[in-house]
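Next comes final-v1.cif, with mmCIF, C-alpha atoms.
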```
data_start
#
loop_
_atom_site.label_atom_id
_atom_site.label_comp_id
_atom_site.auth_asym_id
_atom_site.auth_seq_id
_atom_site.Cartn_x
_atom_site.Cartn_y
_atom_site.Cartn_z
CA MET A 136 102.11 67.15 85.24
CA ASP A 137 105.86 67.86 85.01
CA ARG A 138 106.82 69.90 88.06
CA SER A 139 110.59 69.69 87.66
CA HIS A 140 110.76 73.49 87.20
CA GLU A 141 109.41 73.86 90.76
CA LYS A 142 112.34 72.07 92.43
CA GLY A 143 113.95 74.48 94.86
CA ARG A 144 111.26 77.10 94.34
CA LEU A 145 108.39 75.53 96.23
CA PRO A 146 108.71 75.93 100.01
CA PRO A 147 107.80 73.01 102.25
CA GLY A 148 104.11 72.67 102.99
CA GLN A 149 103.06 74.65 99.88
CA TYR A 150 101.12 73.61 96.76
CA VAL A 151 101.17 75.30 93.34
CA THR A 152 98.12 77.08 92.01
CA GLY A 153 97.82 78.13 88.38
CA ARG A 154 96.28 81.54 88.91
CA LEU A 155 96.93 84.10 91.61
CA PRO A 156 94.03 83.71 94.07
CA VAL A 157 92.37 86.76 95.59
CA VAL A 158 93.03 86.76 99.33
CA HIS A 159 92.42 89.64 101.73
CA VAL A 160 90.52 90.61 104.86
CA GLY A 161 87.66 93.07 104.60
CA MET A 162 86.42 95.00 101.60
CA ILE A 163 88.56 95.97 98.62
CA PRO A 164 89.22 99.70 98.98
CA PRO A 165 87.68 101.85 96.24
CA ALA A 166 90.10 102.05 93.29
CA SER A 167 90.91 105.69 92.73
CA LEU A 168 93.95 107.74 91.86
CA ASP A 169 92.34 110.94 93.15
CA GLY A 170 94.68 112.15 95.86
CA TRP A 171 96.76 108.95 95.78
CA ASP A 172 100.23 109.40 97.22
CA LEU A 173 102.92 107.31 98.85
CA ARG A 174 104.32 108.56 102.15
CA PHE A 175 107.62 107.72 103.89
CA PHE A 176 107.93 108.97 107.47
CA GLY A 177 109.37 108.22 110.89
CA LEU A 178 113.09 107.76 111.50
CA LEU A 179 114.31 109.15 108.18
CA MET A 180 116.83 111.76 107.12
CA SER A 181 114.49 112.91 104.35
CA PRO A 182 110.78 112.13 104.94
CA VAL A 183 108.87 112.49 101.69
CA THR A 184 105.48 112.02 100.10
CA PHE A 185 105.39 111.09 96.41
CA THR A 186 102.40 112.05 94.28
CA ARG A 187 101.24 109.47 91.74
CA GLU A 188 103.07 111.38 88.98
CA GLU A 189 106.29 111.55 91.03
CA PHE A 190 106.05 107.84 91.82
CA LEU A 191 105.61 106.95 88.13
CA ALA A 192 108.67 109.06 87.22
CA LEU A 193 110.99 107.05 89.52
CA PRO A 194 113.32 104.39 88.04
CA ARG A 195 111.40 101.18 87.36
CA ARG A 196 112.22 97.52 87.17
CA GLU A 197 110.52 94.28 86.19
CA ILE A 198 111.09 91.09 88.16
CA THR A 199 109.77 87.57 87.88
CA ALA A 200 109.02 86.22 91.33
CA ASP A 201 106.99 83.59 93.11
CA LEU A 202 104.36 84.44 95.69
CA HIS A 203 103.85 82.12 98.67
CA CYS A 204 100.79 82.52 100.90
CA VAL A 205 100.86 81.56 104.56
CA SER A 206 97.65 79.60 103.83
CA THR A 207 99.86 77.17 101.79
CA PHE A 208 99.33 78.09 98.12
CA SER A 209 102.14 79.27 95.89
CA CYS A 210 101.87 81.00 92.54
CA LEU A 211 105.06 80.71 90.50
CA GLY A 212 106.57 82.98 87.85
CA LEU A 213 104.59 86.20 88.32
CA ARG A 214 105.96 89.21 86.42
CA TRP A 215 105.84 92.33 88.59
CA GLU A 216 106.78 95.84 87.45
CA GLY A 217 107.30 98.87 89.65
CA VAL A 218 109.76 100.94 91.66
CA PRO A 219 112.50 99.07 93.56
CA THR A 220 112.45 99.89 97.26
CA ARG A 221 116.25 100.22 97.10
CA VAL A 222 115.76 103.29 94.88
CA LEU A 223 113.43 104.82 97.44
CA LEU A 224 115.79 104.10 100.35
CA THR A 225 118.53 106.14 98.68
CA ARG A 226 116.16 109.11 98.51
CA ILE A 227 114.65 108.93 101.99
CA ARG A 228 117.80 107.74 103.81
CA PRO A 229 116.67 105.86 106.92
CA SER A 230 118.26 106.96 110.19
CA PRO A 231 120.83 104.49 111.58
CA SER A 232 118.40 103.84 114.44
CA ALA A 233 115.60 102.73 112.05
CA ARG A 234 115.45 98.94 112.25
CA TYR A 235 111.85 98.22 111.27
CA VAL A 236 109.20 99.46 108.86
CA LEU A 237 105.47 99.36 109.50
CA VAL A 238 103.87 99.31 106.05
CA HIS A 239 100.41 100.92 106.00
CA ALA A 240 97.68 100.31 103.42
CA ASP A 241 94.24 101.55 102.54
CA GLY A 242 91.57 99.55 104.34
CA GLY A 243 93.46 99.50 107.66
CA TYR A 244 95.90 96.74 106.75
CA SER A 245 99.57 96.86 107.82
CA ALA A 246 102.63 94.61 107.94
CA THR A 247 105.99 94.74 109.69
CA LEU A 248 109.34 94.26 107.95
CA ALA A 249 112.97 94.80 108.84
CA VAL A 250 114.57 97.73 107.00
CA GLU A 251 117.06 95.25 105.53
CA ASP A 252 114.17 93.50 103.72
CA LEU A 253 113.59 96.66 101.68
CA GLN A 254 117.26 96.76 100.66
CA ARG A 255 116.98 93.59 98.59
CA GLU A 256 117.21 93.90 94.84
CA ASP A 257 113.95 92.01 94.16
CA VAL A 258 111.65 93.99 96.50
CA LEU A 259 109.54 96.61 94.81
CA ILE A 260 106.38 98.67 94.91
CA ALA A 261 104.52 97.24 91.95
CA ASP A 262 101.77 98.78 89.89
CA ARG A 263 101.77 96.16 87.12
CA LEU A 264 101.36 92.37 87.13
CA ASP A 265 102.04 90.18 84.10
CA GLY A 266 102.15 93.19 81.78
CA GLU A 267 98.86 94.74 82.94
CA PRO A 268 98.00 97.35 85.57
CA LEU A 269 97.19 95.74 88.92
CA SER A 270 93.52 94.92 89.35
CA PRO A 271 91.76 96.28 92.46
CA GLU A 272 91.64 92.81 94.05
CA HIS A 273 95.42 92.46 93.65
CA GLY A 274 96.28 95.86 95.10
CA TYR A 275 95.61 98.61 92.55
CA PRO A 276 97.02 101.19 92.38
CA ALA A 277 100.18 99.81 94.07
CA ARG A 278 101.34 96.95 96.26
CA LEU A 279 104.56 96.00 97.92
CA VAL A 280 106.16 92.81 96.56
CA VAL A 281 108.47 90.97 98.97
CA PRO A 282 109.25 87.62 97.26
CA HIS A 283 111.37 86.16 100.07
CA LYS A 284 108.53 86.42 102.63
CA TYR A 285 105.03 84.99 102.86
CA SER A 286 102.65 87.14 100.83
CA MET A 287 101.11 88.76 103.92
CA LYS A 288 104.21 91.01 103.74
CA SER A 289 103.44 91.94 100.11
CA VAL A 290 100.97 94.60 101.21
CA LYS A 291 98.16 95.45 98.78
CA TRP A 292 96.87 99.03 98.43
CA VAL A 293 100.11 100.32 99.98
CA ARG A 294 100.12 103.98 101.06
CA ALA A 295 102.84 104.61 103.68
CA PHE A 296 106.08 103.32 105.17
CA GLU A 297 106.72 104.21 108.81
CA PHE A 298 110.34 103.69 109.91
CA THR A 299 110.79 102.81 113.59
CA GLU A 300 113.46 101.70 116.02
CA ASP A 301 111.24 99.18 117.78
CA LEU A 302 109.17 96.43 116.25
CA ARG A 303 105.50 97.42 115.95
CA PRO A 304 103.30 94.48 114.94
CA GLY A 305 101.18 94.84 111.83
CA PHE A 306 97.76 93.35 111.14
CA TRP A 307 98.72 89.65 111.00
CA GLU A 308 101.68 89.92 113.36
CA SER A 309 99.35 91.24 116.08
CA ARG A 310 97.18 88.16 115.49
CA GLY A 311 99.93 85.61 116.16
CA TYR A 312 101.63 85.32 112.76
CA SER A 313 105.39 85.47 112.37
CA VAL A 314 107.23 88.76 111.99
CA ASN A 315 109.93 86.95 109.99
CA ALA A 316 107.50 85.00 107.73
CA ASP A 317 110.10 82.92 105.88
CA PRO A 318 108.28 80.44 103.63
CA PHE A 319 111.34 78.18 103.23
CA THR A 320 111.51 77.51 106.97
CA GLU A 321 107.69 77.41 107.32
CA ASP A 322 107.91 80.31 109.75
CA ARG A 323 104.16 80.97 109.77
CA PHE A 324 103.40 81.71 113.42
CA ALA A 325 105.04 83.63 116.24
CA PRO A 326 106.28 81.50 119.14
CA GLY A 327 103.20 80.61 121.14
CA GLY A 328 101.00 81.82 118.22
#
```

Show me this structure written as structure tokens.
Amino acid sequence: MDRSHEKGRLPPGQYVTGRLPVVHVGMIPPASLDGWDLRFFGLLMSPVTFTREEFLALPRREITADLHCVSTFSCLGLRWEGVPTRVLLTRIRPSPSARYVLVHADGGYSATLAVEDLQREDVLIADRLDGEPLSPEHGYPARLVVPHKYSMKSVKWVRAFEFTEDLRPGFWESRGYSVNADPFTEDRFAPGG
């Protein structure tokens, strides 16, 4: 198989899979739009909660990005569509003291990111994958997509963003995984993790 297109895209220690595997802990939350909203709170100038309709009315973007799992598989060339987090940051305006974001999801999952991660052009809250609505196992109705981090940061079933001054470990970070989670430096585990 010709893998020349992968040069520079495949982090060390990763292998390419053809389809996006289904990976999560616990049960898939029931897929429902009844009462679905997306909340931004904490150290913000303008905390806000978007209804589904308000979220869908926000400026949208499509990106093609690779997804790298901390368990060593990579899925290349996925087409994600959704709302860029940069757009949301201009509306909620994080306080200068906000350095971290604890991303909350249905099912009790969470992940920690630096605010600067959400300022990147290719980070978005996706509701479509490869031209189709997300399936429940891949995060329907919305998931965060953070291509420059291991996929544990691309939170499925995303519901809220809590802006904080101090780092608050999320689900995997509290279990010894890296807060930084850079696949190109194989930053999988916290020191001593």

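Evaluating the PyMOL selection byres ((chain A and resi 146-160) around 7) against the shown model yields Arg144, Leu145, Gly161, Met162, Thr207, Phe208, Ser209, Cys210, Glu272, His273, Pro318, Phe319 and Glu321 of chain A.
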
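Once the PyMOL selection byres ((chain A and resi 243) around 10) is applied to the shown structure, the selection contains Val160, Gly161, Pro164, His239, Ala240, Asp241, Gly242, Tyr244, Ser245, Trp292, Gly305 and Phe306 of chain A.
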
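Across A:Ala200, A:Asp262, A:Thr220, A:Arg214, the tightest approach to His283 in chain A is made by A:Ala200 when counting all atoms listed in the file.
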
Counting only C-alpha atoms, which residue out of A:Tyr275, A:Phe176, A:Phe185, A:Phe190 sits closest to Val293 in chain A?
A:Tyr275

Can you list what the PyMOL selection byres ((chain A and resi 203) around 6) grabs from this structure, as JSON, numbers by chain?
{"A": [202, 204, 209, 285, 286]}

From the set A:Ala246, A:Val290, A:Val280, A:Ile198, which residue has the shortest atom-to-atom contact distance to Ser309 in chain A, counting only C-alpha atoms?
A:Ala246

Counting only C-alpha atoms, write as a PyMOL selection string all protein and nucleic acid residues lying at most 12 Å from (102.9, 95.3, 116.8) in the file's frame.
chain A and resi 235-238+245-248+299+301-314+325

Point (100.4, 110.7, 95.0) neighbourhood (7 Å, only C-alpha atoms) written as a ChimeraX atom specification
/A:170-173,185-188

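Restricting the calculation to all atoms listed in the file, the smallest distance between Thr184 in chain A and any of A:Ala233, A:Pro276, A:Leu223, A:Val281 is found for A:Leu223.
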
What is the CA of Ile227 in chain A-CA of Leu253 in chain A distance in Å, reported with one decimal?
12.3 Å

If you measure from CA of Leu168 in chain A to CA of Ile260 in chain A, what distance in Å do you get, rounded to one decimal?
15.7 Å

Which residues come within 12 Å of Val222 in chain A, counting all atoms listed in the file, excluding same-chain residues fewer than 4 positions away, as a PyMOL selection string?
chain A and resi 190+192-196+217-218+226-228+253-260

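Going from CA of Pro229 in chain A to CA of Asp169 in chain A covers 28.4 Å.
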
Work out where the centre of an axis-aligned box around every listed atom of range 184-202 of chain A lies and how long its edges are once 4 Å is added on each side; give both in Å to one decimal as JSON.
```
{"center_x": 107.3, "center_y": 97.8, "center_z": 93.1, "size_x": 20.1, "size_y": 36.5, "size_z": 21.9}
```

Can you pull out the residues contacting Gly266 in chain A? Cut-off 9 Å, using all atoms listed in the file, and skip same-chain residues under 2 positions away; I want them as a PyMOL selection string.
chain A and resi 214-216+263-264+268

Residues near Arg234 in chain A, cut-off 6 Å, all atoms listed in the file, skip fewer than 4 positions along chain, as a list of chain:residue names:
A:Ala249, A:Val250, A:Glu300

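Compared by their closest atoms to Ser230 in chain A, and using all atoms listed in the file, the residues A:Asp252, A:Asp317, A:Lys291, A:Pro182 rank with A:Pro182 nearest.
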